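What follows is data28.cif (mmCIF, C-alpha atoms).
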```cif
data_final
#
loop_
_atom_site.label_atom_id
_atom_site.label_comp_id
_atom_site.auth_asym_id
_atom_site.auth_seq_id
_atom_site.Cartn_x
_atom_site.Cartn_y
_atom_site.Cartn_z
CA MET A 8 -2.12 26.26 -0.51
CA ILE A 9 -3.77 23.12 0.84
CA LYS A 10 -2.68 22.20 4.35
CA ILE A 11 -2.86 18.55 5.30
CA LYS A 12 -2.23 17.30 8.80
CA ILE A 13 -1.50 13.61 9.25
CA LEU A 14 -1.57 12.06 12.71
CA SER A 15 0.00 8.66 13.18
CA VAL A 16 2.16 6.57 15.43
CA GLY A 17 5.86 6.73 14.60
CA LYS A 18 8.20 5.28 17.13
CA GLN A 19 11.23 4.70 14.93
CA LYS A 20 12.75 6.56 12.02
CA HIS A 21 13.08 4.59 8.80
CA SER A 22 15.40 6.27 6.35
CA TRP A 23 13.70 4.65 3.32
CA LEU A 24 10.35 5.98 4.47
CA GLU A 25 11.69 9.50 5.05
CA GLU A 26 13.22 9.43 1.57
CA ALA A 27 10.09 8.12 -0.14
CA ILE A 28 7.79 10.60 1.62
CA LYS A 29 10.20 13.44 0.84
CA GLU A 30 9.95 12.55 -2.85
CA TYR A 31 6.17 13.09 -2.81
CA GLU A 32 6.36 16.18 -0.59
CA LYS A 33 8.79 17.69 -3.11
CA ARG A 34 6.33 17.05 -5.93
CA LEU A 35 3.58 18.68 -3.85
CA THR A 36 5.65 21.83 -3.13
CA GLY A 37 3.66 25.01 -3.70
CA ALA A 38 0.33 23.17 -3.81
CA VAL A 39 0.19 21.16 -0.59
CA GLN A 40 1.93 21.41 2.75
CA ILE A 41 1.95 18.31 4.91
CA GLU A 42 2.32 18.49 8.67
CA TRP A 43 3.18 15.22 10.39
CA LEU A 44 2.15 14.65 13.98
CA LEU A 45 3.73 11.41 15.11
CA TYR A 46 2.97 10.00 18.53
CA LYS A 47 4.64 7.35 20.61
CA SER A 48 1.57 5.22 21.31
CA ASP A 49 -1.98 4.58 20.10
CA ASP A 50 -3.31 6.16 23.30
CA GLN A 51 -1.38 9.38 22.74
CA LEU A 52 -2.45 9.43 19.10
CA GLU A 53 -6.11 9.04 19.99
CA ALA A 54 -6.01 11.60 22.83
CA ASN A 55 -4.66 14.19 20.38
CA ALA A 56 -6.83 13.21 17.42
CA ILE A 57 -10.01 13.63 19.44
CA GLN A 58 -9.19 17.37 19.77
CA GLU A 59 -9.33 17.91 16.00
CA LYS A 60 -12.31 19.70 14.51
CA ARG A 61 -12.73 17.69 11.33
CA LEU A 62 -11.19 14.27 10.98
CA ILE A 63 -10.77 11.65 8.29
CA CYS A 64 -9.91 8.28 9.80
CA LEU A 65 -8.00 5.60 7.92
CA ASP A 66 -9.19 2.22 9.12
CA PRO A 67 -9.28 -1.17 7.33
CA ARG A 68 -13.04 -1.34 7.95
CA GLY A 69 -13.78 2.05 6.39
CA ILE A 70 -15.21 2.82 2.95
CA GLU A 71 -12.96 1.72 0.10
CA TYR A 72 -12.56 4.03 -2.86
CA ASP A 73 -10.68 3.51 -6.06
CA SER A 74 -8.20 6.27 -6.95
CA PRO A 75 -10.60 8.40 -9.07
CA GLN A 76 -13.23 8.16 -6.30
CA PHE A 77 -10.64 9.10 -3.68
CA SER A 78 -9.71 12.10 -5.83
CA GLN A 79 -13.37 13.16 -6.01
CA PHE A 80 -13.70 12.70 -2.27
CA ILE A 81 -10.68 14.97 -1.64
CA GLN A 82 -11.96 17.62 -4.05
CA LYS A 83 -15.38 17.59 -2.40
CA GLU A 84 -13.87 17.95 1.07
CA LEU A 85 -11.74 20.89 -0.08
CA ASN A 86 -14.67 22.58 -1.81
CA GLN A 87 -17.04 22.15 1.11
CA HIS A 88 -14.75 22.71 4.08
CA GLY A 89 -11.79 24.75 2.85
CA PRO A 90 -8.14 23.89 2.17
CA ARG A 91 -7.43 21.97 5.35
CA LEU A 92 -7.63 18.23 5.79
CA THR A 93 -6.75 16.15 8.83
CA PHE A 94 -6.10 12.42 8.56
CA ILE A 95 -5.49 9.91 11.30
CA ILE A 96 -3.83 6.59 10.59
CA GLY A 97 -4.92 3.91 13.03
CA GLY A 98 -2.81 1.02 14.28
CA ALA A 99 -3.18 -2.66 13.38
CA LEU A 100 -5.94 -2.98 15.97
CA GLY A 101 -7.93 -0.15 14.41
CA LEU A 102 -9.08 3.05 16.05
CA CYS A 103 -11.09 3.33 19.26
CA GLU A 104 -14.87 3.68 19.06
CA ALA A 105 -14.86 7.28 20.33
CA LEU A 106 -12.68 8.34 17.40
CA LYS A 107 -14.69 6.41 14.86
CA GLU A 108 -17.83 8.14 16.13
CA LYS A 109 -16.15 11.52 15.98
CA ALA A 110 -14.68 10.98 12.49
CA ASN A 111 -16.38 12.85 9.64
CA HIS A 112 -15.27 10.06 7.33
CA THR A 113 -13.72 6.65 7.84
CA ILE A 114 -11.99 5.38 4.76
CA SER A 115 -9.91 2.32 4.01
CA VAL A 116 -6.93 2.11 1.68
CA SER A 117 -7.09 -1.69 1.67
CA LYS A 118 -8.63 -4.68 3.42
CA LEU A 119 -5.07 -5.70 4.18
CA THR A 120 -3.34 -4.59 7.35
CA PHE A 121 -0.23 -2.49 6.75
CA THR A 122 2.44 -1.14 9.03
CA HIS A 123 2.05 2.51 10.02
CA GLN A 124 5.04 3.30 7.85
CA LEU A 125 3.51 1.77 4.75
CA ALA A 126 0.13 3.40 5.45
CA ARG A 127 1.84 6.81 5.67
CA LEU A 128 3.54 6.30 2.32
CA ILE A 129 0.33 5.02 0.69
CA LEU A 130 -1.63 8.02 1.95
CA VAL A 131 0.92 10.54 0.66
CA GLU A 132 1.13 8.81 -2.73
CA GLN A 133 -2.67 8.76 -3.01
CA LEU A 134 -2.95 12.43 -2.03
CA TYR A 135 -0.45 13.29 -4.77
CA ARG A 136 -2.27 10.98 -7.20
CA SER A 137 -5.65 12.49 -6.31
CA LEU A 138 -4.44 15.98 -7.24
CA GLU A 139 -2.92 14.68 -10.48
CA ILE A 140 -6.22 12.97 -11.33
CA ALA A 141 -8.08 16.24 -10.65
CA LYS A 142 -5.61 18.01 -13.00
CA ASN A 143 -5.98 15.18 -15.52
CA SER A 144 -2.17 14.79 -15.66
CA PRO A 145 -0.59 11.66 -17.15
CA TYR A 146 0.88 10.55 -13.76
CA HIS A 147 -2.02 8.31 -12.81
CA LYS A 148 -2.27 6.39 -16.07
CA MET B 11 12.91 -22.91 1.47
CA ILE B 12 10.01 -21.18 -0.28
CA LYS B 13 10.95 -19.65 -3.62
CA ILE B 14 8.90 -16.69 -4.75
CA LYS B 15 9.28 -15.13 -8.17
CA ILE B 16 7.87 -11.64 -8.68
CA LEU B 17 7.51 -10.22 -12.19
CA SER B 18 6.97 -6.51 -12.57
CA VAL B 19 7.92 -3.47 -14.57
CA GLY B 20 10.89 -1.58 -13.16
CA LYS B 21 12.38 1.08 -15.35
CA GLN B 22 14.16 3.14 -12.73
CA LYS B 23 15.97 2.33 -9.51
CA HIS B 24 14.62 3.99 -6.38
CA SER B 25 17.06 3.78 -3.51
CA TRP B 26 14.28 4.02 -0.88
CA LEU B 27 12.49 1.08 -2.48
CA GLU B 28 15.64 -1.06 -2.66
CA GLU B 29 16.29 -0.31 1.01
CA ALA B 30 12.72 -1.05 2.14
CA ILE B 31 12.54 -4.31 0.17
CA LYS B 32 15.96 -5.35 1.45
CA GLU B 33 14.66 -4.93 5.00
CA TYR B 34 11.90 -7.49 4.40
CA GLU B 35 14.13 -9.83 2.40
CA LYS B 36 16.55 -9.84 5.33
CA ARG B 37 13.75 -10.81 7.69
CA LEU B 38 12.77 -13.61 5.30
CA THR B 39 16.32 -15.00 5.06
CA GLY B 40 16.37 -18.77 5.48
CA ALA B 41 12.62 -19.14 4.97
CA VAL B 42 11.90 -17.40 1.66
CA GLN B 43 14.00 -16.50 -1.34
CA ILE B 44 12.61 -13.81 -3.62
CA GLU B 45 13.64 -13.59 -7.25
CA TRP B 46 12.77 -10.28 -8.97
CA LEU B 47 12.21 -10.24 -12.71
CA LEU B 48 11.84 -6.61 -13.75
CA TYR B 49 10.99 -5.71 -17.32
CA LYS B 50 11.20 -2.46 -19.24
CA SER B 51 7.62 -2.41 -20.50
CA ASP B 52 4.19 -3.92 -19.91
CA ASP B 53 4.51 -5.83 -23.21
CA GLN B 54 7.80 -7.41 -22.18
CA LEU B 55 6.37 -8.23 -18.75
CA GLU B 56 3.31 -9.93 -20.22
CA ALA B 57 5.28 -11.85 -22.88
CA ASN B 58 7.44 -13.34 -20.13
CA ALA B 59 4.66 -13.90 -17.61
CA ILE B 60 2.63 -15.94 -20.08
CA GLN B 61 5.45 -18.55 -20.10
CA GLU B 62 5.03 -19.26 -16.37
CA LYS B 63 3.36 -22.49 -15.28
CA ARG B 64 1.38 -21.22 -12.31
CA LEU B 65 0.67 -17.55 -11.90
CA ILE B 66 -0.90 -15.27 -9.30
CA CYS B 67 -1.85 -11.93 -10.84
CA LEU B 68 -2.10 -8.73 -8.83
CA ASP B 69 -4.77 -6.53 -10.35
CA PRO B 70 -7.04 -3.88 -8.77
CA ARG B 71 -10.08 -5.82 -10.01
CA GLY B 72 -9.04 -9.12 -8.41
CA ILE B 73 -10.32 -10.72 -5.20
CA GLU B 74 -9.55 -8.69 -2.09
CA TYR B 75 -8.39 -10.52 1.01
CA ASP B 76 -7.69 -9.19 4.44
CA SER B 77 -4.26 -10.13 5.85
CA PRO B 78 -5.36 -13.31 7.68
CA GLN B 79 -7.18 -14.47 4.51
CA PHE B 80 -4.12 -13.66 2.38
CA SER B 81 -2.04 -15.72 4.80
CA GLN B 82 -4.45 -18.67 4.45
CA PHE B 83 -4.37 -18.29 0.68
CA ILE B 84 -0.55 -18.44 0.66
CA GLN B 85 -0.49 -21.47 2.96
CA LYS B 86 -3.02 -23.29 0.79
CA GLU B 87 -1.03 -22.56 -2.38
CA LEU B 88 2.17 -23.84 -0.75
CA ASN B 89 0.46 -26.96 0.58
CA GLN B 90 -1.24 -27.83 -2.70
CA HIS B 91 1.41 -26.83 -5.23
CA GLY B 92 4.76 -26.93 -3.43
CA PRO B 93 7.13 -24.22 -2.23
CA ARG B 94 7.12 -22.07 -5.36
CA LEU B 95 4.92 -19.07 -6.01
CA THR B 96 4.96 -16.70 -8.98
CA PHE B 97 3.37 -13.27 -8.80
CA ILE B 98 2.91 -10.73 -11.54
CA ILE B 99 2.26 -7.07 -10.73
CA GLY B 100 0.28 -5.34 -13.45
CA GLY B 101 0.60 -1.71 -14.47
CA ALA B 102 -1.91 1.09 -13.84
CA LEU B 103 -3.91 -0.08 -16.85
CA GLY B 104 -4.19 -3.61 -15.48
CA LEU B 105 -3.09 -6.82 -17.12
CA CYS B 106 -4.03 -8.02 -20.59
CA GLU B 107 -6.95 -10.43 -20.99
CA ALA B 108 -4.71 -13.35 -22.07
CA LEU B 109 -2.83 -13.15 -18.77
CA LYS B 110 -5.94 -12.81 -16.69
CA GLU B 111 -7.32 -15.93 -18.34
CA LYS B 112 -4.08 -17.80 -17.76
CA ALA B 113 -3.78 -16.71 -14.11
CA ASN B 114 -4.59 -19.33 -11.49
CA HIS B 115 -5.61 -16.53 -9.16
CA THR B 116 -6.18 -12.82 -9.59
CA ILE B 117 -5.96 -10.94 -6.34
CA SER B 118 -6.12 -7.28 -5.43
CA VAL B 119 -4.17 -5.55 -2.67
CA SER B 120 -6.44 -2.49 -2.87
CA LYS B 121 -9.08 -0.82 -4.98
CA LEU B 122 -6.65 2.09 -5.22
CA THR B 123 -4.11 2.28 -8.01
CA PHE B 124 -0.51 2.26 -6.83
CA THR B 125 2.80 2.76 -8.57
CA HIS B 126 4.68 -0.43 -9.44
CA GLN B 127 7.19 0.51 -6.77
CA LEU B 128 4.62 0.75 -4.03
CA ALA B 129 2.89 -2.46 -5.19
CA ARG B 130 6.23 -4.31 -4.96
CA LEU B 131 6.77 -3.11 -1.41
CA ILE B 132 3.19 -3.93 -0.38
CA LEU B 133 3.48 -7.46 -1.79
CA VAL B 134 6.75 -8.17 0.02
CA GLU B 135 5.42 -6.78 3.29
CA GLN B 136 2.25 -8.90 2.98
CA LEU B 137 4.24 -12.02 2.15
CA TYR B 138 6.31 -11.47 5.29
CA ARG B 139 3.15 -10.69 7.28
CA SER B 140 1.40 -13.81 5.94
CA LEU B 141 4.19 -16.06 7.23
CA GLU B 142 4.17 -14.28 10.59
CA ILE B 143 0.40 -14.78 10.83
CA ALA B 144 0.84 -18.48 10.02
CA LYS B 145 3.45 -18.67 12.82
CA ASN B 146 1.17 -16.65 15.10
CA SER B 147 4.01 -14.20 15.84
CA PRO B 148 3.30 -10.78 17.38
CA TYR B 149 4.41 -8.87 14.21
CA HIS B 150 0.97 -8.61 12.71
CA LYS B 151 -0.82 -7.34 15.79
#
```
What is this file in structure tokens?
Amino acid sequence: MIKIKILSVGKQKHSWLEEAIKEYEKRLTGAVQIEWLLYKSDDQLEANAIQEKRLICLDPRGIEYDSPQFSQFIQKELNQHGPRLTFIIGGALGLCEALKEKANHTISVSKLTFTHQLARLILVEQLYRSLEIAKNSPYHK
Amino acid sequence: MIKIKILSVGKQKHSWLEEAIKEYEKRLTGAVQIEWLLYKSDDQLEANAIQEKRLICLDPRGIEYDSPQFSQFIQKELNQHGPRLTFIIGGALGLCEALKEKANHTISVSKLTFTHQLARLILVEQLYRSLEIAKNSPYHK
């Protein structure tokens, strides 16, 4: 079982987001367990993220992969460091320098700025897609 | 009133997507009217899209803007060609060559491949964001 921790800011509940994320979590059942750590502010998020051992930061200025490259990246991480991944989703202003320095990888899902909510959904969909690509399933085509 | 037509493939209804899109459409009330043209297949989508006069294609291999650049792009289109924009969202395999040739612009929201559903939500959120950036509102910060 792969355990993925995702740290983000989440002040409000959005029922559409909960529903959409649940859909992907359901598909990942048995293979991946996602733990959400949602904080009330960027400061709180960063103070907690800095405690993590290994960290993948999502930031608009990070490296951009296409979906097959993202899948390879995930597989390599799992092979080299075991079945635990920790992601942090930064706010619109990006992550603080201390976190960027600490991050093992800083990747970007787009040059565009998204809301935290949308970034959470994109990340979960891409994690699901990356496993489907690795399995060579028809989902991603 | 800005009228935006979005052509995409939409075989199934997803209640979370309807809800999320409705949220942005509500915020755009009075300023922007979005007309959705959802087709059952890529072929049907392309056959209809080719009839459009001016067309902005969304394709992972298009030009990538950041959100302020996307906002400038939208403003320029509106200033030069009037308050109507037509977008087409391609499938995972991208759009056919005939459409790419016909397109006035081909832009990419990410190098990653997304589902049609997610691409629709991203486009609507960025359209809303682009108008907020043009108004210099605090939404995008």
Problem - Nearest-residue call for Leu88 of chain B, choices B:Lys110, B:Lys23, B:Arg71, B:Arg64, using only C-alpha atoms - result: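 With only C-alpha atoms as the atom set, the closest residue is B:Arg64.
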Practice task
Restrict the distance test to all atoms listed in the file, flag each residue of chain B within 6 Å of chain A, and return the flagged residues as JSON, numbers by chain.
Solution key: {"B": [26, 30, 76, 77, 102, 120, 121, 122, 123, 151]}
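Closest approach to Asn58 of chain B among B:Val134, B:Ser18, B:Asn146, B:His126: B:Ser18, based on only C-alpha atoms.
Between atom CA of Ala141 of chain A and atom CA of Asn111 of chain A there is a distance of 22.2 Å.
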Practice task
Please indicate the distance in Å from atom CA of Arg94 of chain B to atom CA of Leu55 of chain B, rounded to one decimal place.
Solution key: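 Here the two named atoms are 19.3 Å from each other.
The space between atom CA of Gln40 of chain A and atom CA of Leu130 of chain A spans 13.9 Å.
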